[in-house]
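*Asks:* The following file, input32.txt, comprises compact mmCIF, C-alpha atoms and all ligand atoms:
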# COMPACT_ATOMS: atom_id res chain seq x y z
CA MET A 19 -3.14 11.07 -8.60
CA SER A 20 -0.48 10.88 -11.26
CA THR A 21 -1.56 13.28 -14.03
CA PRO A 22 -1.15 16.95 -13.16
CA LEU A 23 -4.26 19.06 -13.59
CA GLY A 24 -4.62 22.60 -14.89
CA PRO A 25 -4.77 25.36 -12.22
CA ALA A 26 -8.56 25.64 -11.92
CA ALA A 27 -9.07 21.87 -11.93
CA ALA A 28 -6.37 21.44 -9.29
CA LEU A 29 -8.05 24.04 -7.05
CA ARG A 30 -11.43 22.35 -7.46
CA ARG A 31 -9.93 18.99 -6.63
CA ILE A 32 -8.42 20.44 -3.46
CA ALA A 33 -11.82 21.88 -2.54
CA PHE A 34 -13.47 18.54 -3.24
CA LEU A 35 -11.03 16.65 -1.01
CA LEU A 36 -11.22 19.23 1.79
CA GLU A 37 -14.96 18.93 1.71
CA ARG A 38 -14.91 15.15 1.86
CA ALA A 39 -12.41 15.37 4.72
CA ARG A 40 -14.93 17.61 6.53
CA GLU A 41 -12.56 20.55 6.76
CA PRO A 42 -14.08 23.94 7.72
CA THR A 43 -16.27 25.36 4.97
CA HIS A 44 -14.35 28.64 4.67
CA ARG A 45 -11.25 26.68 3.66
CA VAL A 46 -13.20 24.74 1.05
CA ALA A 47 -14.77 27.96 -0.22
CA ALA A 48 -11.38 29.68 -0.56
CA PHE A 49 -10.24 27.10 -3.12
CA ARG A 50 -13.55 27.14 -5.00
CA THR A 51 -13.46 30.94 -5.17
CA ALA A 52 -9.88 30.93 -6.42
CA ALA A 53 -10.85 28.38 -9.10
CA ALA A 54 -13.64 30.70 -10.23
CA VAL A 55 -11.22 33.63 -10.42
CA VAL A 56 -8.82 31.61 -12.58
CA ASP A 57 -11.72 30.74 -14.89
CA THR A 58 -12.71 34.40 -15.17
CA ILE A 59 -9.37 35.91 -16.01
CA GLY A 60 -8.41 33.48 -18.79
CA PRO A 61 -5.05 31.91 -19.64
CA GLU A 62 -3.21 34.98 -20.98
CA GLU A 63 -3.95 37.12 -17.99
CA LEU A 64 -3.08 34.20 -15.71
CA ASP A 65 0.25 33.85 -17.45
CA ARG A 66 1.01 37.54 -17.07
CA ARG A 67 -0.05 37.57 -13.41
CA ILE A 68 2.25 34.65 -12.65
CA ARG A 69 5.19 36.23 -14.49
CA THR A 70 4.75 39.57 -12.76
CA ARG A 71 4.00 37.92 -9.39
CA THR A 72 0.76 39.84 -9.06
CA LEU A 73 -1.52 36.83 -8.71
CA THR A 74 -2.35 37.52 -5.06
CA ASP A 75 -3.35 41.10 -5.93
CA LEU A 76 -6.48 39.53 -7.35
CA ARG A 77 -9.46 39.44 -5.04
CA GLY A 78 -10.10 35.81 -4.05
CA ILE A 79 -6.53 34.57 -4.41
CA GLY A 80 -4.33 34.27 -1.33
CA PRO A 81 -0.87 32.85 -0.65
CA LYS A 82 -2.01 29.20 -0.43
CA THR A 83 -4.32 29.22 -3.43
CA GLY A 84 -1.76 31.33 -5.32
CA ALA A 85 1.02 28.81 -4.69
CA ALA A 86 -1.19 25.96 -5.88
CA ILE A 87 -2.02 27.90 -9.06
CA VAL A 88 1.64 28.59 -9.82
CA GLN A 89 2.61 24.94 -9.33
CA ALA A 90 -0.29 23.60 -11.39
CA HIS A 91 0.47 26.15 -14.10
CA ALA A 92 4.04 24.81 -14.21
CA GLY A 93 2.64 21.34 -14.90
CA GLU A 94 3.25 20.05 -11.38
CA VAL A 95 0.89 18.53 -8.85
CA PRO A 96 0.47 21.33 -6.27
CA GLU A 97 2.16 20.45 -2.98
CA TYR A 98 -1.03 21.20 -1.08
CA LEU A 99 -2.94 18.73 -3.23
CA ALA A 100 -0.25 16.07 -2.97
CA ARG A 101 -0.24 16.31 0.83
CA LEU A 102 -3.99 16.23 0.97
CA GLU A 103 -4.19 13.14 -1.21
CA GLU A 104 -1.61 11.44 0.93
CA ALA A 105 -3.37 12.25 4.18
CA HIS A 106 -6.81 11.31 2.88
CA SER A 107 -6.07 8.57 0.39
CA GLU A 108 -9.29 6.87 1.38
CA LEU A 109 -11.23 9.87 0.04
CA VAL A 110 -9.56 10.04 -3.32
CA PRO A 111 -12.12 8.86 -5.85
CA LEU A 112 -10.98 6.05 -8.10
CA ALA A 113 -11.00 6.30 -11.85
CA ASP A 114 -13.44 3.89 -13.50
CA ASP A 115 -10.79 1.45 -14.70
CA VAL A 116 -9.18 1.42 -11.28
CA ALA A 117 -12.55 0.87 -9.60
CA GLU A 118 -13.22 -1.97 -12.02
CA PHE A 119 -9.86 -3.54 -11.21
CA ARG A 120 -10.49 -3.20 -7.53
CA ALA A 121 -13.86 -4.86 -7.87
CA THR A 122 -12.13 -8.03 -9.08
CA LEU A 123 -10.29 -8.42 -5.76
CA ARG A 124 -11.85 -10.90 -3.37
CA GLY A 125 -9.54 -10.49 -0.43
CA ASP A 126 -6.30 -9.27 1.05
CA LEU A 127 -3.19 -11.35 1.66
CA HIS A 128 -1.23 -9.10 4.03
CA THR A 129 -2.79 -7.84 7.28
CA HIS A 130 -1.71 -7.44 10.91
CA SER A 131 -3.55 -7.70 14.21
CA ASP A 132 -2.67 -6.65 17.74
CA TRP A 133 -0.93 -10.00 18.13
CA SER A 134 2.08 -8.30 16.48
CA ASP A 135 2.24 -4.57 15.68
CA GLY A 136 -1.31 -4.01 14.46
CA GLY A 137 -3.71 -1.91 16.51
CA SER A 138 -6.80 -4.11 16.54
CA PRO A 139 -7.95 -7.59 17.48
CA ILE A 140 -8.27 -10.20 14.72
CA ARG A 141 -12.05 -10.11 14.93
CA GLU A 142 -12.20 -6.37 14.24
CA MET A 143 -9.92 -6.73 11.25
CA ALA A 144 -12.08 -9.57 9.91
CA GLU A 145 -15.31 -7.64 10.46
CA ALA A 146 -13.89 -4.64 8.60
CA ALA A 147 -12.86 -6.92 5.72
CA ILE A 148 -16.39 -8.36 5.61
CA GLY A 149 -17.70 -4.79 5.54
CA LEU A 150 -15.61 -4.13 2.44
CA GLY A 151 -17.14 -7.13 0.73
CA HIS A 152 -14.06 -9.31 0.98
CA GLU A 153 -14.42 -13.09 0.98
CA TYR A 154 -11.17 -13.70 2.83
CA MET A 155 -8.24 -12.07 4.57
CA ALA A 156 -4.88 -13.63 5.28
CA LEU A 157 -3.74 -12.79 8.78
CA THR A 158 0.00 -12.26 8.44
CA ASP A 159 1.44 -11.13 11.75
CA HIS A 160 5.20 -10.76 12.08
CA SER A 161 7.72 -13.53 12.75
CA PRO A 162 9.82 -13.96 15.95
CA ARG A 163 12.95 -12.06 14.88
CA LEU A 164 11.06 -8.82 14.47
CA THR A 165 10.89 -8.13 18.18
CA VAL A 166 10.23 -4.39 17.66
CA ALA A 167 6.96 -5.44 16.03
CA ASN A 168 6.18 -8.03 18.72
CA GLY A 169 6.76 -10.89 16.27
CA LEU A 170 5.05 -14.18 17.13
CA THR A 171 7.08 -17.07 18.52
CA ALA A 172 6.19 -20.53 17.27
CA GLU A 173 4.13 -21.04 20.45
CA ARG A 174 2.15 -17.84 20.01
CA LEU A 175 1.53 -18.58 16.36
CA GLU A 176 0.23 -22.05 17.33
CA ARG A 177 -2.18 -20.36 19.71
CA GLN A 178 -3.22 -17.88 17.03
CA LEU A 179 -4.12 -20.77 14.74
CA ASP A 180 -6.62 -22.00 17.33
CA VAL A 181 -8.11 -18.54 17.73
CA VAL A 182 -8.47 -18.20 13.95
CA ALA A 183 -10.16 -21.60 13.72
CA GLU A 184 -12.72 -20.50 16.30
CA LEU A 185 -13.37 -17.19 14.56
CA ASN A 186 -13.73 -18.94 11.22
CA ALA A 187 -16.42 -21.22 12.59
CA GLU A 188 -18.28 -18.11 13.64
CA LEU A 189 -17.69 -15.82 10.65
CA ALA A 190 -18.23 -18.34 7.82
CA PRO A 191 -18.56 -18.09 4.86
CA PHE A 192 -15.94 -15.37 5.36
CA ARG A 193 -12.57 -16.94 5.86
CA ILE A 194 -9.53 -15.81 7.77
CA LEU A 195 -6.61 -17.53 6.09
CA THR A 196 -3.82 -18.41 8.47
CA GLY A 197 -0.53 -16.80 7.63
CA ILE A 198 2.61 -14.96 8.50
CA GLU A 199 4.70 -12.06 7.29
CA CYS A 200 7.94 -13.92 7.70
CA ASP A 201 11.26 -12.12 7.95
CA ILE A 202 13.79 -13.10 5.34
CA ASN A 203 16.90 -13.73 7.42
CA VAL A 204 20.23 -12.34 6.24
CA ASP A 205 21.18 -15.78 4.89
CA GLY A 206 17.92 -15.99 2.90
CA SER A 207 16.25 -18.52 5.20
CA LEU A 208 12.81 -17.82 6.67
CA ASP A 209 12.28 -16.85 10.29
CA GLN A 210 9.88 -19.60 11.40
CA THR A 211 9.97 -23.39 11.69
CA ASP A 212 9.47 -25.39 8.51
CA GLU A 213 6.76 -27.36 10.18
CA LEU A 214 4.69 -24.28 11.03
CA LEU A 215 5.29 -22.61 7.67
CA GLY A 216 3.98 -25.78 6.06
CA ARG A 217 0.75 -25.57 8.05
CA LEU A 218 -0.05 -21.95 7.20
CA ASP A 219 -2.32 -20.99 4.31
CA VAL A 220 -0.32 -17.95 3.16
CA VAL A 221 3.33 -17.04 3.67
CA VAL A 222 4.40 -13.49 2.81
CA ALA A 223 8.20 -13.21 2.98
CA SER A 224 9.70 -9.75 3.53
CA VAL A 225 13.06 -8.15 4.20
CA HIS A 226 12.99 -6.02 7.36
CA SER A 227 16.65 -5.84 8.35
CA ASP A 228 20.00 -4.93 6.81
CA LEU A 229 18.16 -2.93 4.17
CA ARG A 230 21.33 -1.14 3.07
CA ALA A 231 23.19 -4.37 2.25
CA GLU A 232 25.23 -4.63 -0.96
CA SER A 233 23.17 -5.45 -4.03
CA ALA A 234 24.79 -8.87 -4.56
CA ALA A 235 24.12 -9.97 -0.99
CA MET A 236 20.55 -8.65 -1.03
CA THR A 237 19.88 -10.38 -4.35
CA GLU A 238 21.14 -13.75 -3.02
CA ARG A 239 19.06 -13.31 0.10
CA MET A 240 15.88 -12.54 -1.85
CA LEU A 241 16.48 -15.29 -4.40
CA ALA A 242 16.72 -17.86 -1.62
CA ALA A 243 13.46 -16.66 -0.08
CA VAL A 244 11.63 -16.57 -3.42
CA ALA A 245 12.75 -20.14 -4.17
CA ASN A 246 11.68 -21.39 -0.73
CA PRO A 247 8.67 -23.67 -1.36
CA HIS A 248 6.85 -22.12 1.62
CA THR A 249 6.96 -18.60 0.20
CA ASP A 250 3.79 -17.52 -1.59
CA VAL A 251 4.23 -13.74 -1.78
CA LEU A 252 7.32 -11.53 -1.81
CA GLY A 253 6.35 -8.57 0.44
CA HIS A 254 7.23 -4.88 -0.25
CA CYS A 255 10.34 -5.82 -2.23
CA THR A 256 12.37 -2.59 -2.12
CA GLY A 257 11.64 -1.66 1.51
CA ARG A 258 11.42 2.02 0.59
CA LEU A 259 9.59 4.52 2.79
CA LEU A 260 8.32 7.60 0.97
CA ILE A 261 7.22 9.67 3.96
CA PRO A 262 8.03 9.52 7.69
CA ARG A 263 5.79 7.29 9.74
CA GLU A 264 4.83 6.95 13.36
CA GLN A 265 5.39 3.65 15.05
CA ARG A 266 4.39 2.19 18.37
CA GLU A 267 5.57 4.01 21.46
CA GLY A 268 6.11 7.27 19.62
CA ARG A 269 9.00 6.01 17.52
CA ARG A 270 9.29 7.77 14.21
CA GLN A 271 10.71 6.17 11.10
CA ARG A 272 12.37 8.40 8.56
CA PRO A 273 11.92 7.99 4.82
CA ARG A 274 14.45 5.65 3.24
CA PRO A 275 15.44 4.77 -0.31
CA GLU A 276 14.92 1.44 -2.05
CA SER A 277 17.21 -1.44 -1.16
CA ALA A 278 19.66 -2.31 -3.92
CA PHE A 279 19.17 -5.70 -5.61
CA ASP A 280 19.06 -7.23 -9.09
CA ALA A 281 15.35 -6.83 -9.75
CA GLU A 282 15.48 -8.70 -13.03
CA ALA A 283 16.99 -11.76 -11.35
CA VAL A 284 14.56 -11.61 -8.42
CA PHE A 285 11.44 -11.17 -10.56
CA THR A 286 12.59 -13.87 -12.98
CA ALA A 287 12.88 -16.20 -9.99
CA CYS A 288 9.41 -15.12 -8.81
CA ALA A 289 7.97 -16.07 -12.20
CA GLN A 290 9.88 -19.35 -12.23
CA HIS A 291 8.93 -20.41 -8.69
CA ASP A 292 5.43 -18.98 -8.98
CA THR A 293 5.91 -16.60 -6.07
CA ALA A 294 3.63 -13.57 -6.33
CA VAL A 295 5.16 -10.10 -6.23
CA GLU A 296 3.27 -7.98 -3.73
CA ILE A 297 1.88 -4.63 -4.81
CA ASN A 298 1.92 -2.99 -1.40
CA SER A 299 -0.79 -0.31 -1.08
CA ARG A 300 0.44 1.50 2.03
CA PRO A 301 0.77 5.19 1.11
CA GLU A 302 4.28 5.40 2.61
CA ARG A 303 5.43 2.30 0.75
CA LEU A 304 3.72 2.03 -2.67
CA ASP A 305 6.16 -0.76 -3.33
CA PRO A 306 7.41 -1.77 -5.91
CA PRO A 307 8.02 1.57 -7.61
CA LEU A 308 6.36 1.81 -11.04
CA ARG A 309 9.51 1.07 -13.04
CA LEU A 310 10.04 -2.18 -11.13
CA LEU A 311 6.39 -3.08 -11.29
CA SER A 312 6.54 -2.69 -15.07
CA LEU A 313 9.58 -4.94 -15.13
CA ALA A 314 7.76 -7.60 -13.10
CA VAL A 315 4.81 -7.42 -15.53
CA GLU A 316 7.19 -7.83 -18.44
CA LEU A 317 8.84 -10.87 -16.81
CA GLY A 318 5.48 -12.61 -16.39
CA CYS A 319 5.12 -12.47 -12.60
CA ARG A 320 1.99 -13.07 -10.63
CA PHE A 321 0.92 -10.38 -8.17
CA ALA A 322 -0.96 -9.86 -4.91
CA VAL A 323 -2.51 -6.43 -4.31
CA ASP A 324 -2.24 -6.10 -0.54
CA THR A 325 -2.86 -3.39 2.01
CA ASP A 326 -0.43 -4.47 4.77
CA ALA A 327 -3.17 -3.05 7.02
CA HIS A 328 -2.29 -2.47 10.66
CA ALA A 329 -5.77 -1.14 11.48
CA PRO A 330 -9.28 -1.89 10.16
CA GLY A 331 -9.61 1.35 8.17
CA GLN A 332 -6.40 0.59 6.31
CA LEU A 333 -8.01 -2.45 4.70
CA ASP A 334 -9.56 0.11 2.36
CA TRP A 335 -6.19 1.09 0.86
CA GLN A 336 -6.24 -1.43 -1.98
CA GLY A 337 -7.22 1.33 -4.41
CA ASN A 338 -3.65 2.66 -4.20
CA GLY A 339 -2.27 -0.66 -5.38
CA CYS A 340 -4.97 -1.04 -8.05
CA GLU A 341 -4.15 2.40 -9.43
CA ARG A 342 -0.55 1.31 -9.92
CA ALA A 343 -1.55 -2.08 -11.29
CA VAL A 344 -3.74 -0.39 -13.92
CA GLU A 345 -0.99 2.10 -14.73
CA THR A 346 1.51 -0.68 -15.43
CA GLY A 347 -0.89 -2.97 -17.28
CA VAL A 348 -1.22 -5.76 -14.70
CA ASP A 349 -3.80 -8.30 -15.88
CA PRO A 350 -6.31 -9.07 -13.07
CA ASP A 351 -6.00 -12.75 -14.01
CA ARG A 352 -2.39 -12.58 -12.85
CA VAL A 353 -3.45 -11.27 -9.44
CA VAL A 354 -3.84 -14.14 -7.01
CA ASN A 355 -6.29 -12.34 -4.73
CA THR A 356 -8.83 -12.08 -7.55
CA TRP A 357 -9.25 -15.83 -7.08
CA THR A 358 -11.69 -17.58 -4.76
CA ALA A 359 -10.32 -18.80 -1.44
CA ASP A 360 -10.33 -22.39 -2.71
CA GLU A 361 -8.41 -21.51 -5.88
CA LEU A 362 -5.99 -19.50 -3.84
CA LEU A 363 -5.41 -22.29 -1.32
CA GLU A 364 -4.83 -24.76 -4.12
CA TRP A 365 -2.16 -22.42 -5.44
CA THR A 366 -0.45 -21.77 -2.11
CA ALA A 367 -0.41 -25.50 -1.37
CA GLY A 368 1.20 -26.22 -4.75
ZN ZN A 401 6.68 -5.75 6.32
ZN ZN A 402 3.33 -6.11 7.05
Just give me the structure as structure tokens.
*Replies:*
Amino acid sequence: MSTPLGPAAALRRIAFLLERAREPTHRVAAFRTAAAVVDTIGPEELDRRIRTRTLTDLRGIGPKTGAAIVQAHAGEVPEYLARLEEAHSELVPLADDVAEFRATLRGDLHTHSDWSDGGSPIREMAEAAIGLGHEYMALTDHSPRLTVANGLTAERLERQLDVVAELNAELAPFRILTGIECDINVDGSLDQTDELLGRLDVVVASVHSDLRAESAAMTERMLAAVANPHTDVLGHCTGRLLIPREQREGRRQRPRPESAFDAEAVFTACAQHDTAVEINSRPERLDPPLRLLSLAVELGCRFAVDTDAHAPGQLDWQGNGCERAVETGVDPDRVVNTWTADELLEWTAG
């Protein structure tokens, strides 16, 4: 959610989300009760109570609800609400225009299976995508260099192509598009053989290393990848991480800032080479940030609204990306995964 709500509305929204998350009823009731108290006392009294720090003297308002009231009253999104929305993004209802935008999407161009660092077999990912009403899903497991994510060697990727072909015969008309999330090497080249990249339906190119490089070097590196004829989508362009995240084997990644690069040059090249800019929907990424997304819109880029799902449930995260697309005025016609699989394949082959 991006627009802060008034205190009572914020409390009700918290109650609503707690309820949908099946939290204990007394917790839900506490926020509903507090909302009712705020309604009863009126804005002047609320103001006075906050100034004199006597809010929690009121029956029905405790430390947690009180803190949320104070923050909402100050025009902020209460911390409690922000955390809740982050943890349960799948429960956050979409605004009508966002829901409409999302309904135009026919598939997802960035997903992982247990062949690299995803948690589930390809079939389970595909079945979940079918359940969401998708017509296709590009399977984009990691490339060899990314050993921490069990990146696929050329041999393993060859084998995966056979597995996908078998699954496709079974799951038709749904289509698993073959693909890769290919590391952009430090010199801007792609981390897989030309021959294999040429055979894949969808190539997402992403930076995963040397994220703190100098802006000039990072820009050169990204420009080379964007201009590579195999590249279809530029993945999570800034590499930022907004919140810590758990990785395999208990590793924990700390938040990190955006990489530095000349976004205008990179997005101009994306428009010129017809490489789509990914709108990454993962809650810890939400990449590109809104100011860069607006810039990409302005420069006439195409986009792909992707989940970067590493588990079946995460395929449902596209709403996050759609929310940001709507906010920055992305035209659904510019989003390549609103197209049919045939249209899309014609584009990626071009
Ligand atoms: Zn990635
Ligand atoms: Zn990924």
*Asks:* For a test of reading the model, state the distance in Å between atom CA of A:Glu264 and atom CA of A:Ala327, rounded to one decimal.
*Replies:* 14.3 Å
*Asks:* Go through A:Leu241, A:Ala283, A:Ala26, A:Cys255 one by one, measure the shortest atom-to-atom distance of each to ligand ZN 402 (chain A) using all atoms listed in the file, and give the residue with the smallest value.
*Replies:* A:Cys255
*Asks:* Neighbouring residues of stretch 358-365 of chain A were defined as those with any atom within 10 Å, considering all atoms listed in the file; residues of the same chain fewer than 4 positions away were excluded. Please report them as a PDB file with C-alpha atoms, keeping the file's coordinate frame.
*Replies:*
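Dumped everything to result_6.pdb:
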ATOM      1  CA  LEU A 123     -10.290  -8.420  -5.760  1.00  0.00           C
ATOM      2  CA  ARG A 124     -11.850 -10.900  -3.370  1.00  0.00           C
ATOM      3  CA  GLY A 125      -9.540 -10.490  -0.430  1.00  0.00           C
ATOM      4  CA  GLU A 153     -14.420 -13.090   0.980  1.00  0.00           C
ATOM      5  CA  TYR A 154     -11.170 -13.700   2.830  1.00  0.00           C
ATOM      6  CA  MET A 155      -8.240 -12.070   4.570  1.00  0.00           C
ATOM      7  CA  PHE A 192     -15.940 -15.370   5.360  1.00  0.00           C
ATOM      8  CA  ARG A 193     -12.570 -16.940   5.860  1.00  0.00           C
ATOM      9  CA  ILE A 194      -9.530 -15.810   7.770  1.00  0.00           C
ATOM     10  CA  LEU A 195      -6.610 -17.530   6.090  1.00  0.00           C
ATOM     11  CA  ASP A 219      -2.320 -20.990   4.310  1.00  0.00           C
ATOM     12  CA  VAL A 220      -0.320 -17.950   3.160  1.00  0.00           C
ATOM     13  CA  ASP A 250       3.790 -17.520  -1.590  1.00  0.00           C
ATOM     14  CA  ASP A 292       5.430 -18.980  -8.980  1.00  0.00           C
ATOM     15  CA  THR A 293       5.910 -16.600  -6.070  1.00  0.00           C
ATOM     16  CA  VAL A 354      -3.840 -14.140  -7.010  1.00  0.00           C
TER      17      VAL A 354
END
*Asks:* Using only C-alpha atoms, determine which residues lie at most 10 Å from A:Val46, disregarding the query and same-chain residues fewer than 5 positions distant; provide the list as a PDB file with C-alpha atoms, in the frame of the given file.
*Replies:*
ATOM      1  CA  LEU A  29      -8.050  24.040  -7.050  1.00  0.00           C
ATOM      2  CA  ARG A  30     -11.430  22.350  -7.460  1.00  0.00           C
ATOM      3  CA  ILE A  32      -8.420  20.440  -3.460  1.00  0.00           C
ATOM      4  CA  ALA A  33     -11.820  21.880  -2.540  1.00  0.00           C
ATOM      5  CA  PHE A  34     -13.470  18.540  -3.240  1.00  0.00           C
ATOM      6  CA  LEU A  35     -11.030  16.650  -1.010  1.00  0.00           C
ATOM      7  CA  LEU A  36     -11.220  19.230   1.790  1.00  0.00           C
ATOM      8  CA  GLU A  37     -14.960  18.930   1.710  1.00  0.00           C
ATOM      9  CA  ARG A  38     -14.910  15.150   1.860  1.00  0.00           C
ATOM     10  CA  ARG A  40     -14.930  17.610   6.530  1.00  0.00           C
ATOM     11  CA  GLU A  41     -12.560  20.550   6.760  1.00  0.00           C
ATOM     12  CA  THR A  51     -13.460  30.940  -5.170  1.00  0.00           C
TER      13      THR A  51
END
*Asks:* Excluding stretch 210-212 of chain A and its own-chain neighbours fewer than 5 positions away, which residues fall within 12 Å of it when counting only C-alpha atoms? Please give them as a PyMOL selection string.
*Replies:* chain A and resi 159-164+169-176+197-203+217-218+221-223+246-249
*Asks:* Give me, as a count of residues only, all polymer residues having an atom no more than 8 Å from A:Ala231, counting all atoms listed in the file and skipping those fewer than 4 positions away in the same chain.
*Replies:* 4
*Asks:* Quick one: distance from atom CA of A:Val251 to atom CA of A:Ala322 in Å, one decimal?
*Replies:*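 So the two atoms, atom CA of A:Val251 and atom CA of A:Ala322, lie 7.2 Å apart.
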*Asks:* Which residues are near ligand ZN 401 (chain A) in this structure, taking near to mean any atom at most 7 Å from a ligand atom and counting only C-alpha atoms and all ligand atoms? Format them as a PyMOL selection string.
*Replies:* chain A and resi 199+224+226+253-254
*Asks:* Just how far from atom CA of A:Ala367 is atom CA of A:Val344, in Å to one decimal?
*Replies:*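 Atom-to-atom, atom CA of A:Val344 and atom CA of A:Ala367 are spaced 28.3 Å apart.
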*Asks:* Mind rebuilding stretch 342-349 of chain A with all heavy atoms and writing that out as a PDB file, in the coordinates of the input?
*Replies:*
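That gives us selection24.pdb:
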ATOM      1  N   ARG A 342      -1.881   1.591  -9.382  1.00  0.00           N
ATOM      2  CA  ARG A 342      -0.550   1.310  -9.920  1.00  0.00           C
ATOM      3  C   ARG A 342      -0.574   0.075 -10.812  1.00  0.00           C
ATOM      4  O   ARG A 342       0.149  -0.008 -11.807  1.00  0.00           O
ATOM      5  CB  ARG A 342       0.449   1.170  -8.783  1.00  0.00           C
ATOM      6  CG  ARG A 342       0.453   2.424  -7.911  1.00  0.00           C
ATOM      7  CD  ARG A 342       1.158   2.234  -6.607  1.00  0.00           C
ATOM      8  NE  ARG A 342       2.592   2.101  -6.774  1.00  0.00           N
ATOM      9  CZ  ARG A 342       3.416   3.101  -7.060  1.00  0.00           C
ATOM     10  NH1 ARG A 342       2.933   4.330  -7.190  1.00  0.00           N
ATOM     11  NH2 ARG A 342       4.696   2.894  -7.188  1.00  0.00           N
ATOM     12  N   ALA A 343      -1.414  -0.882 -10.464  1.00  0.00           N
ATOM     13  CA  ALA A 343      -1.550  -2.080 -11.290  1.00  0.00           C
ATOM     14  C   ALA A 343      -2.114  -1.692 -12.659  1.00  0.00           C
ATOM     15  O   ALA A 343      -1.631  -2.152 -13.698  1.00  0.00           O
ATOM     16  CB  ALA A 343      -2.455  -3.095 -10.608  1.00  0.00           C
ATOM     17  N   VAL A 344      -3.140  -0.828 -12.654  1.00  0.00           N
ATOM     18  CA  VAL A 344      -3.740  -0.390 -13.920  1.00  0.00           C
ATOM     19  C   VAL A 344      -2.711   0.389 -14.735  1.00  0.00           C
ATOM     20  O   VAL A 344      -2.551   0.189 -15.941  1.00  0.00           O
ATOM     21  CB  VAL A 344      -4.999   0.469 -13.649  1.00  0.00           C
ATOM     22  CG1 VAL A 344      -5.455   1.184 -14.916  1.00  0.00           C
ATOM     23  CG2 VAL A 344      -6.118  -0.395 -13.088  1.00  0.00           C
ATOM     24  N   GLU A 345      -1.971   1.260 -14.038  1.00  0.00           N
ATOM     25  CA  GLU A 345      -0.990   2.100 -14.730  1.00  0.00           C
ATOM     26  C   GLU A 345       0.098   1.277 -15.421  1.00  0.00           C
ATOM     27  O   GLU A 345       0.628   1.666 -16.458  1.00  0.00           O
ATOM     28  CB  GLU A 345      -0.367   3.061 -13.709  1.00  0.00           C
ATOM     29  CG  GLU A 345       0.331   4.223 -14.350  1.00  0.00           C
ATOM     30  CD  GLU A 345       0.589   5.359 -13.362  1.00  0.00           C
ATOM     31  OE1 GLU A 345      -0.102   5.433 -12.325  1.00  0.00           O
ATOM     32  OE2 GLU A 345       1.494   6.155 -13.656  1.00  0.00           O
ATOM     33  N   THR A 346       0.427   0.127 -14.863  1.00  0.00           N
ATOM     34  CA  THR A 346       1.510  -0.680 -15.430  1.00  0.00           C
ATOM     35  C   THR A 346       0.990  -1.887 -16.217  1.00  0.00           C
ATOM     36  O   THR A 346       1.757  -2.751 -16.623  1.00  0.00           O
ATOM     37  CB  THR A 346       2.448  -1.193 -14.315  1.00  0.00           C
ATOM     38  OG1 THR A 346       1.655  -1.805 -13.291  1.00  0.00           O
ATOM     39  CG2 THR A 346       3.247  -0.049 -13.713  1.00  0.00           C
ATOM     40  N   GLY A 347      -0.338  -1.931 -16.418  1.00  0.00           N
ATOM     41  CA  GLY A 347      -0.890  -2.970 -17.280  1.00  0.00           C
ATOM     42  C   GLY A 347      -0.923  -4.365 -16.666  1.00  0.00           C
ATOM     43  O   GLY A 347      -0.821  -5.365 -17.379  1.00  0.00           O
ATOM     44  N   VAL A 348      -1.085  -4.447 -15.338  1.00  0.00           N
ATOM     45  CA  VAL A 348      -1.220  -5.760 -14.700  1.00  0.00           C
ATOM     46  C   VAL A 348      -2.579  -6.356 -15.102  1.00  0.00           C
ATOM     47  O   VAL A 348      -3.599  -5.684 -15.028  1.00  0.00           O
ATOM     48  CB  VAL A 348      -1.139  -5.645 -13.159  1.00  0.00           C
ATOM     49  CG1 VAL A 348      -1.463  -6.971 -12.492  1.00  0.00           C
ATOM     50  CG2 VAL A 348       0.245  -5.146 -12.734  1.00  0.00           C
ATOM     51  N   ASP A 349      -2.567  -7.605 -15.517  1.00  0.00           N
ATOM     52  CA  ASP A 349      -3.800  -8.300 -15.880  1.00  0.00           C
ATOM     53  C   ASP A 349      -4.420  -8.876 -14.598  1.00  0.00           C
ATOM     54  O   ASP A 349      -3.746  -9.603 -13.873  1.00  0.00           O
ATOM     55  CB  ASP A 349      -3.424  -9.433 -16.853  1.00  0.00           C
ATOM     56  CG  ASP A 349      -4.626 -10.230 -17.309  1.00  0.00           C
ATOM     57  OD1 ASP A 349      -5.712 -10.105 -16.695  1.00  0.00           O
ATOM     58  OD2 ASP A 349      -4.470 -10.990 -18.280  1.00  0.00           O
TER      59      ASP A 349
END
